[in-house]
Amino acid sequence: MPEPILSLADVHAGYDGVPVVFGVTMEVMAGELVAVVGANGAGKTTTMRSIVGLNNPLAGVIRFAGRDISRLRAHQTLALGISYVPEGRRVFAKLSVEQNLLLGAYTEKSKAEIKRRLEEMLELFPVLRERSSQTAETLSGGEQQMLAIARGLMSRPKLLLLDEMSLGLMPALVEKMMETIVAINKSGVTVLLVEQMVQEALEIAHRGYVLQSGRVVHTGSAQELLDSEDIRRAYMGM
Amino acid sequence: MNHRALKRKDLFWLALVVLLALMPAVSAVATNTFLMHVLILILLFSAMAQTWNIIGGYGGQTSFGHSVFFGIGAYGAGMAVVTYGLSPWPGIGIGMVAAAAVAVLISYPCFKLSGHYFAIATFAIVEIFHRMFLVWYWVGGALGLDYPVVEQGLKNFMWYDTKTGYYYGALALFVLVFGIVRFLESHRFGYYLRAVREGQETAESLGVNSQAIKLTAMALSAALAAMCGAFFGQYNLRVDPSMVMSLDMSMKFVLVTILGGAGTLAGPLLGAAVLIPLQEYTRALWGGLGGGVDLIVFGVLIIIIVIKQPAGISGMVRDIAKHIERRRAAAKGGTSIDAP
């Protein structure tokens with residue numbers, strides 16, 4: 001059996017020593033698209049933040065590509081190939097779209113390489129090309145979200161963590177967003193997707209984890225989770 | 001990036017510098033000592049505010065400690081001339097390095113904390129340095145340093161007959177500081193700095209070393225502020241703790257920038273162009289009322305600005321430009337969108 005690219009073993013995490021996540025264990029294989037779903041406050045974002053190193057776990061081990069990354073800081077996990085797109089589309093409002101994208105390639109030194117990636121992103125998100133010299137604050141919510149994802153891809157990550165991409169988007173845009181995520185995954189990037197929109201996320205994912213009050217309560221293939229009576233009742237209102 | 005717009009903006013600055021350089025050729029200006037004095041101070045305070053703007057405006061870290069760096073620069077030049085009988089230039093260099101070192105030492109622990117710790121800590125160092133220099137015999141203590149009469153010219157950076165030498169000195173300082181900030185604006189470092197201001201955590205998750213970025217900006221800002229301080233000392237032919245290392249002086253760095261518009265290239269110039277004439281004329285008119293009249297005027301202006309237009313004068317200029325553009329577009333289109 002191949003080794004997972006990312007694994008969490010009994011991870012406890014929280015803020016200022018107060019735990020929010022209690023013993024989460026999960027695995028992501030290279031090339032997979034895995035969804036982490038659950039209600040607001042289930043600990044999804046906290047789990048993400050502990051993976052990237054914005055909040056180091058209080059206990060437990062996180063491994064990435066065979067290496068213990070539990071104690072690394074955000075810029076170090078980035079250097080290893082983990083890119084995190086935070087929730088709430090944290091784009092730099094006063095910077096231009098292009099500058100936002102360039103920041104995503106902060107760690108890349110070769111100018112030619114940066115230019116190539118920039119071109120690639122503008123190809124993937126044509127709407128950003130039209131607006132590349134505008135400040136990010138002038139973009140619509142959906143466009144800002146696209147920009148945040150494109151910025152996250154500028155570092156050429158092996159693993160992309162997407163946090164609540166659907167937040168505040170209208171349904172038509174959510175669908176488009178999900179299509180984009182599938183396309184990114186098909187291009188070879190492993191994706192770990194955090195979502196409150198359980199059905200939409202599971203429809204595109206290979207596998208899923210359901211988080212509740214800081215614990216994994218269900219896991220399985222996306223189809224199994226979609227078919228599960230419990231989950232349908234709890235999260236999809238069916 | 002819109003290169004044509006950028007070029008046009010730079011042309012404006014170039015034209016302004018040429019115009020300023022030609023000023024002393026107009027004899028009505030050159031012979032009016034008070035006017036020359038006001039112009040020199042406008043250029044000096046624009047440069048000072050611009051140095052603050054690097055960390056305070058673009059970097060979003062409010063420093064009330066810039067008079068310390070300013071003072072260190074003034075003492076650097078002053079001690080070279082008064083204590084060691086040298087030209088001020090080596091002192092200016094040493095002052096700049098010392099100011100940058102002090103800035104980094106103070107900022108290093110503070111930048112790790114979020115919130116207002118940095119602002120509070122910088123407040124405290126002004127008081128500490130002021131007291132320290134008051135009782136420090138080696139630097140002249142409370143009496144300060146009084147410049148001897150030495151040969152005038154660029155070597156000693158001193159002129160007695162006219163203010164033209166100082167004027168060009170201030171202009172060179174202005175061009176240098178504004179040029180550096182203009183360069184930073186379009187350079188990577190400039191938008192890294194702004195990114196850290198807008199979302200430190202997001203920037204960090206992209207791999208930006210925010211601590212290093214802020215410290216670099218702070219060191220640069222402090223070194224340039226020290227250079228301004230050296231000019232101030234040379235201009236007044238005197239340095240003492242209350243003159244250069246006071247909260248009053250620190251406030252001027254902050255107020256001029258905020259009034260003009262923090263985080264913009266033009267802001268410091270606009271702020272200084274409004275505040276300095278006000279300060280100098282009120283001082284000339286009501287100087288008999290005692291010190292601080294200029295600060296009262298500053299205070300009132302700041303209150304008005306913060307209420308009316310938090311982006312400062314540059315924000316007002318932008319609003320007016322937008323308004324005119326809209327009018328013009330409306331006139332072209334035949335309909336007025338301003339009509340109620």
# chains A, B, ... in the order shown; residues from 1 in each chain; ligands from 1
$ interface_residues --of "chain B" --to "chain A" --cutoff "10 Å" --atoms "only C-alpha atoms" --output "NGL selection string"
:B and (1-3 or 186 or 188 or 191-192 or 194-199 or 201-209)
$ write_last_selection --atoms "C-alpha atoms" --output "mmCIF file, in the first residue's frame"
data_model
loop_
_atom_site.group_PDB
_atom_site.id
_atom_site.type_symbol
_atom_site.label_atom_id
_atom_site.label_comp_id
_atom_site.auth_asym_id
_atom_site.auth_seq_id
_atom_site.Cartn_x
_atom_site.Cartn_y
_atom_site.Cartn_z
ATOM 1 C CA MET B 1 0.468 47.142 -14.369
ATOM 2 C CA ASN B 2 -0.549 50.269 -16.205
ATOM 3 C CA HIS B 3 2.786 51.613 -17.382
ATOM 4 C CA SER B 186 6.796 49.504 -7.638
ATOM 5 C CA ARG B 188 8.601 43.672 -4.759
ATOM 6 C CA TYR B 191 4.041 45.219 -2.001
ATOM 7 C CA TYR B 192 5.374 42.641 0.412
ATOM 8 C CA ARG B 194 1.733 46.390 2.095
ATOM 9 C CA ALA B 195 0.667 42.745 2.080
ATOM 10 C CA VAL B 196 1.983 42.361 5.632
ATOM 11 C CA ARG B 197 0.016 45.467 6.634
ATOM 12 C CA GLU B 198 -3.197 44.151 5.123
ATOM 13 C CA GLY B 199 -3.016 40.602 6.359
ATOM 14 C CA GLU B 201 -1.164 35.957 8.705
ATOM 15 C CA THR B 202 -2.253 35.518 5.107
ATOM 16 C CA ALA B 203 1.078 36.884 3.954
ATOM 17 C CA GLU B 204 2.871 34.460 6.252
ATOM 18 C CA SER B 205 0.915 31.518 4.942
ATOM 19 C CA LEU B 206 2.235 32.489 1.501
ATOM 20 C CA GLY B 207 5.728 32.186 2.896
ATOM 21 C CA VAL B 208 6.370 35.897 3.455
ATOM 22 C CA ASN B 209 8.741 36.416 6.362
#
$ select_by_dssp --residues "segment 7-236 of chain A" --states "helix (DSSP H, G or I)" --output "ChimeraX atom specification"
/A:44-52,74-80,97-104,111-124,126-130,136-138,141-153,171-186,198-204,222-227,229-235
$ write_last_selection --atoms "C-alpha atoms" --output "CSV table (one decimal), in the first residue's frame"
chain,number,residue,atom,x,y,z
A,44,LYS,CA,-12.3,22.1,10.4
A,45,THR,CA,-10.4,25.4,10.0
A,46,THR,CA,-8.4,24.7,13.2
A,47,THR,CA,-7.4,21.4,11.7
A,48,MET,CA,-6.3,23.1,8.5
A,49,ARG,CA,-4.4,25.7,10.4
A,50,SER,CA,-2.5,23.1,12.4
A,51,ILE,CA,-1.5,21.3,9.2
A,52,VAL,CA,-0.1,24.5,7.6
A,74,ALA,CA,3.7,28.3,7.8
A,75,HIS,CA,6.6,29.4,5.6
A,76,GLN,CA,8.3,26.1,6.2
A,77,THR,CA,5.3,24.0,5.3
A,78,LEU,CA,4.9,26.2,2.2
A,79,ALA,CA,8.5,25.4,1.2
A,80,LEU,CA,7.7,21.7,1.4
A,97,VAL,CA,-4.6,41.4,-8.8
A,98,GLU,CA,-1.2,40.8,-10.3
A,99,GLN,CA,0.7,41.8,-7.2
A,100,ASN,CA,-1.6,39.4,-5.2
A,101,LEU,CA,-0.7,36.6,-7.5
A,102,LEU,CA,3.0,37.5,-7.4
A,103,LEU,CA,2.9,37.2,-3.6
A,104,GLY,CA,1.8,33.7,-4.0
A,111,LYS,CA,11.8,35.6,-12.6
A,112,ALA,CA,11.2,33.5,-15.7
A,113,GLU,CA,9.5,30.8,-13.6
A,114,ILE,CA,7.3,33.3,-11.8
A,115,LYS,CA,6.3,34.8,-15.1
A,116,ARG,CA,5.4,31.4,-16.5
A,117,ARG,CA,3.2,30.6,-13.5
A,118,LEU,CA,1.5,34.0,-13.7
A,119,GLU,CA,0.7,33.3,-17.3
A,120,GLU,CA,-0.6,29.9,-16.4
A,121,MET,CA,-2.9,31.3,-13.7
A,122,LEU,CA,-4.3,34.0,-16.0
A,123,GLU,CA,-4.9,31.2,-18.5
A,124,LEU,CA,-6.8,29.2,-15.9
A,126,PRO,CA,-9.4,34.5,-17.6
A,127,VAL,CA,-11.4,36.9,-15.5
A,128,LEU,CA,-8.2,37.8,-13.6
A,129,ARG,CA,-6.4,38.7,-16.8
A,130,GLU,CA,-8.9,41.4,-17.6
A,136,ALA,CA,-8.3,43.3,-5.5
A,137,GLU,CA,-11.0,45.2,-3.5
A,138,THR,CA,-12.7,46.1,-6.8
A,141,GLY,CA,-16.8,38.0,-4.2
A,142,GLY,CA,-16.5,35.2,-6.7
A,143,GLU,CA,-13.6,36.8,-8.4
A,144,GLN,CA,-11.8,37.4,-5.1
A,145,GLN,CA,-12.2,33.7,-4.3
A,146,MET,CA,-10.7,32.8,-7.7
A,147,LEU,CA,-7.9,35.2,-7.0
A,148,ALA,CA,-7.3,33.6,-3.6
A,149,ILE,CA,-7.1,30.1,-5.2
A,150,ALA,CA,-4.9,31.3,-8.0
A,151,ARG,CA,-2.6,32.9,-5.5
A,152,GLY,CA,-2.5,29.6,-3.6
A,153,LEU,CA,-1.4,27.8,-6.8
A,171,PRO,CA,-25.2,28.8,-5.8
A,172,ALA,CA,-24.3,29.2,-9.5
A,173,LEU,CA,-20.8,30.4,-8.5
A,174,VAL,CA,-20.4,27.6,-6.0
A,175,GLU,CA,-21.0,25.1,-8.8
A,176,LYS,CA,-18.4,26.9,-11.0
A,177,MET,CA,-16.0,26.9,-8.0
A,178,MET,CA,-16.4,23.2,-7.6
A,179,GLU,CA,-15.7,22.6,-11.3
A,180,THR,CA,-12.5,24.6,-10.9
A,181,ILE,CA,-11.4,22.6,-7.9
A,182,VAL,CA,-11.9,19.4,-9.8
A,183,ALA,CA,-9.8,20.8,-12.7
A,184,ILE,CA,-7.0,21.7,-10.4
A,185,ASN,CA,-7.1,18.3,-8.8
A,186,LYS,CA,-7.0,16.6,-12.3
A,198,VAL,CA,-21.6,19.0,2.6
A,199,GLN,CA,-23.4,17.8,-0.5
A,200,GLU,CA,-21.5,20.0,-3.0
A,201,ALA,CA,-18.2,19.0,-1.5
A,202,LEU,CA,-18.8,15.3,-1.4
A,203,GLU,CA,-20.1,15.3,-5.0
A,204,ILE,CA,-16.7,16.3,-6.3
A,222,ALA,CA,-17.6,10.2,-0.9
A,223,GLN,CA,-20.3,8.0,-2.3
A,224,GLU,CA,-20.7,6.1,1.0
A,225,LEU,CA,-21.0,9.3,2.9
A,226,LEU,CA,-23.5,10.8,0.4
A,227,ASP,CA,-25.6,7.6,0.8
A,229,GLU,CA,-28.7,8.1,6.2
A,230,ASP,CA,-27.2,9.9,9.2
A,231,ILE,CA,-25.2,12.3,7.2
A,232,ARG,CA,-28.1,13.1,4.8
A,233,ARG,CA,-30.3,13.9,7.8
A,234,ALA,CA,-27.7,15.8,9.8
A,235,TYR,CA,-26.1,17.9,7.1
$ select_by_dssp --residues "segment 34-168 of chain A" --states "strand (DSSP E)" --output "MDAnalysis selection string"
chainID A and resid 34:38 59:64 67:68 82:85 159:163
$ atom_distance --atom1 "atom CA of Lys308 of chain B" --atom2 "atom CA of Glu325 of chain B"
21.4 Å
$ residues_around --residues "Ile5 of chain A" --least-positions-apart "5" --cutoff "10 Å" --atoms "only C-alpha atoms" --output "list of chain:residue names"
A:Glu27, A:Val28, A:Met29, A:Ala30, A:Gly31, A:Glu32, A:Arg63, A:Phe64, A:Ala65, A:Gly66, A:Arg67, A:Lys158, A:Leu159, A:Thr190
$ atom_distance --atom1 "atom CA of Gly271 of chain B" --atom2 "atom CA of Val256 of chain B"
4.7 Å
$ residues_around --residues "Ala35 of chain A" --least-positions-apart "3" --cutoff "6 Å" --atoms "only C-alpha atoms" --output "list in words"
Leu192, Leu193, Val194, Ala205 and Gly208 of chain A
$ write_last_selection --atoms "C-alpha atoms" --output "PDB file, in the first residue's frame"
ATOM      1  CA  LEU A 192      -7.891  18.852   0.834  1.00  0.00           C
ATOM      2  CA  LEU A 193     -11.151  20.716   0.824  1.00  0.00           C
ATOM      3  CA  VAL A 194     -12.955  22.060   3.873  1.00  0.00           C
ATOM      4  CA  ALA A 205     -14.493  14.515  -3.658  1.00  0.00           C
ATOM      5  CA  GLY A 208     -14.525  12.474   2.949  1.00  0.00           C
TER       6      GLY A 208
END
$ atom_distance --atom1 "atom CA of Arg283 of chain B" --atom2 "atom CA of Arg131 of chain B"
26.7 Å
$ residues_around --residues "Ile276 of chain B" --least-positions-apart "4" --cutoff "9 Å" --atoms "only C-alpha atoms" --output "PDB file with N, CA and C atoms, in the first residue's frame"
ATOM      1  N   VAL B  38      10.673  78.835   5.045  1.00  0.00           N
ATOM      2  CA  VAL B  38       9.462  78.013   5.003  1.00  0.00           C
ATOM      3  C   VAL B  38       9.602  76.916   3.944  1.00  0.00           C
ATOM      4  N   LEU B  39      10.151  77.278   2.797  1.00  0.00           N
ATOM      5  CA  LEU B  39      10.323  76.270   1.735  1.00  0.00           C
ATOM      6  C   LEU B  39      11.269  75.146   2.171  1.00  0.00           C
ATOM      7  N   LEU B  41      11.836  74.171   5.207  1.00  0.00           N
ATOM      8  CA  LEU B  41      11.163  73.315   6.186  1.00  0.00           C
ATOM      9  C   LEU B  41      10.113  72.417   5.525  1.00  0.00           C
ATOM     10  N   ILE B  42       9.441  72.938   4.498  1.00  0.00           N
ATOM     11  CA  ILE B  42       8.457  72.091   3.801  1.00  0.00           C
ATOM     12  C   ILE B  42       9.169  70.877   3.207  1.00  0.00           C
ATOM     13  N   PHE B  45      10.389  68.583   6.153  1.00  0.00           N
ATOM     14  CA  PHE B  45       9.313  67.845   6.816  1.00  0.00           C
ATOM     15  C   PHE B  45       8.629  66.858   5.867  1.00  0.00           C
ATOM     16  N   VAL B 256       2.008  64.985  10.046  1.00  0.00           N
ATOM     17  CA  VAL B 256       2.184  65.449   8.671  1.00  0.00           C
ATOM     18  C   VAL B 256       1.775  64.340   7.701  1.00  0.00           C
ATOM     19  N   GLY B 271       0.860  66.982   3.176  1.00  0.00           N
ATOM     20  CA  GLY B 271       0.735  67.292   4.595  1.00  0.00           C
ATOM     21  C   GLY B 271       1.685  68.403   5.005  1.00  0.00           C
ATOM     22  N   ALA B 272       2.936  68.296   4.556  1.00  0.00           N
ATOM     23  CA  ALA B 272       3.931  69.298   4.927  1.00  0.00           C
ATOM     24  C   ALA B 272       3.610  70.648   4.283  1.00  0.00           C
ATOM     25  N   GLU B 280       4.796  77.799  10.735  1.00  0.00           N
ATOM     26  CA  GLU B 280       5.768  78.896  10.739  1.00  0.00           C
ATOM     27  C   GLU B 280       5.090  80.259  10.842  1.00  0.00           C
ATOM     28  N   TYR B 281       3.964  80.418  10.133  1.00  0.00           N
ATOM     29  CA  TYR B 281       3.289  81.719  10.195  1.00  0.00           C
ATOM     30  C   TYR B 281       2.614  81.938  11.543  1.00  0.00           C
TER      31      TYR B 281
END
$ residues_around --residues "segment 168-170 of chain B" --least-positions-apart "3" --cutoff "7 Å" --atoms "only C-alpha atoms" --output "MDAnalysis selection string"
chainID B and resid 40 43:44 164:165 173:174
$ closest_atom_pairs --of "segment 171-241 of chain B" --to "segment 16-25 of chain B" --cutoff "10 Å" --atoms "only C-alpha atoms" --output "tab-separated table"
residue	atom	partner	partner_atom	distance
B:Leu171	CA	B:Ala21	CA	7.5
B:Ala172	CA	B:Ala21	CA	9.6
B:Phe174	CA	B:Val17	CA	9.2
B:Val175	CA	B:Val17	CA	7.6
$ write_last_selection --atoms "N, CA and C atoms" --output "PDB file, in the first residue's frame"
ATOM      1  N   LEU B 171      16.382  69.984  -0.758  1.00  0.00           N
ATOM      2  CA  LEU B 171      15.813  69.433  -1.993  1.00  0.00           C
ATOM      3  C   LEU B 171      16.437  68.076  -2.317  1.00  0.00           C
ATOM      4  N   ALA B 172      17.749  67.972  -2.105  1.00  0.00           N
ATOM      5  CA  ALA B 172      18.427  66.693  -2.367  1.00  0.00           C
ATOM      6  C   ALA B 172      17.882  65.607  -1.435  1.00  0.00           C
ATOM      7  N   PHE B 174      14.943  65.567  -0.046  1.00  0.00           N
ATOM      8  CA  PHE B 174      13.576  65.318  -0.510  1.00  0.00           C
ATOM      9  C   PHE B 174      13.584  64.350  -1.697  1.00  0.00           C
ATOM     10  N   VAL B 175      14.438  64.637  -2.675  1.00  0.00           N
ATOM     11  CA  VAL B 175      14.503  63.799  -3.878  1.00  0.00           C
ATOM     12  C   VAL B 175      14.959  62.381  -3.506  1.00  0.00           C
TER      13      VAL B 175
END
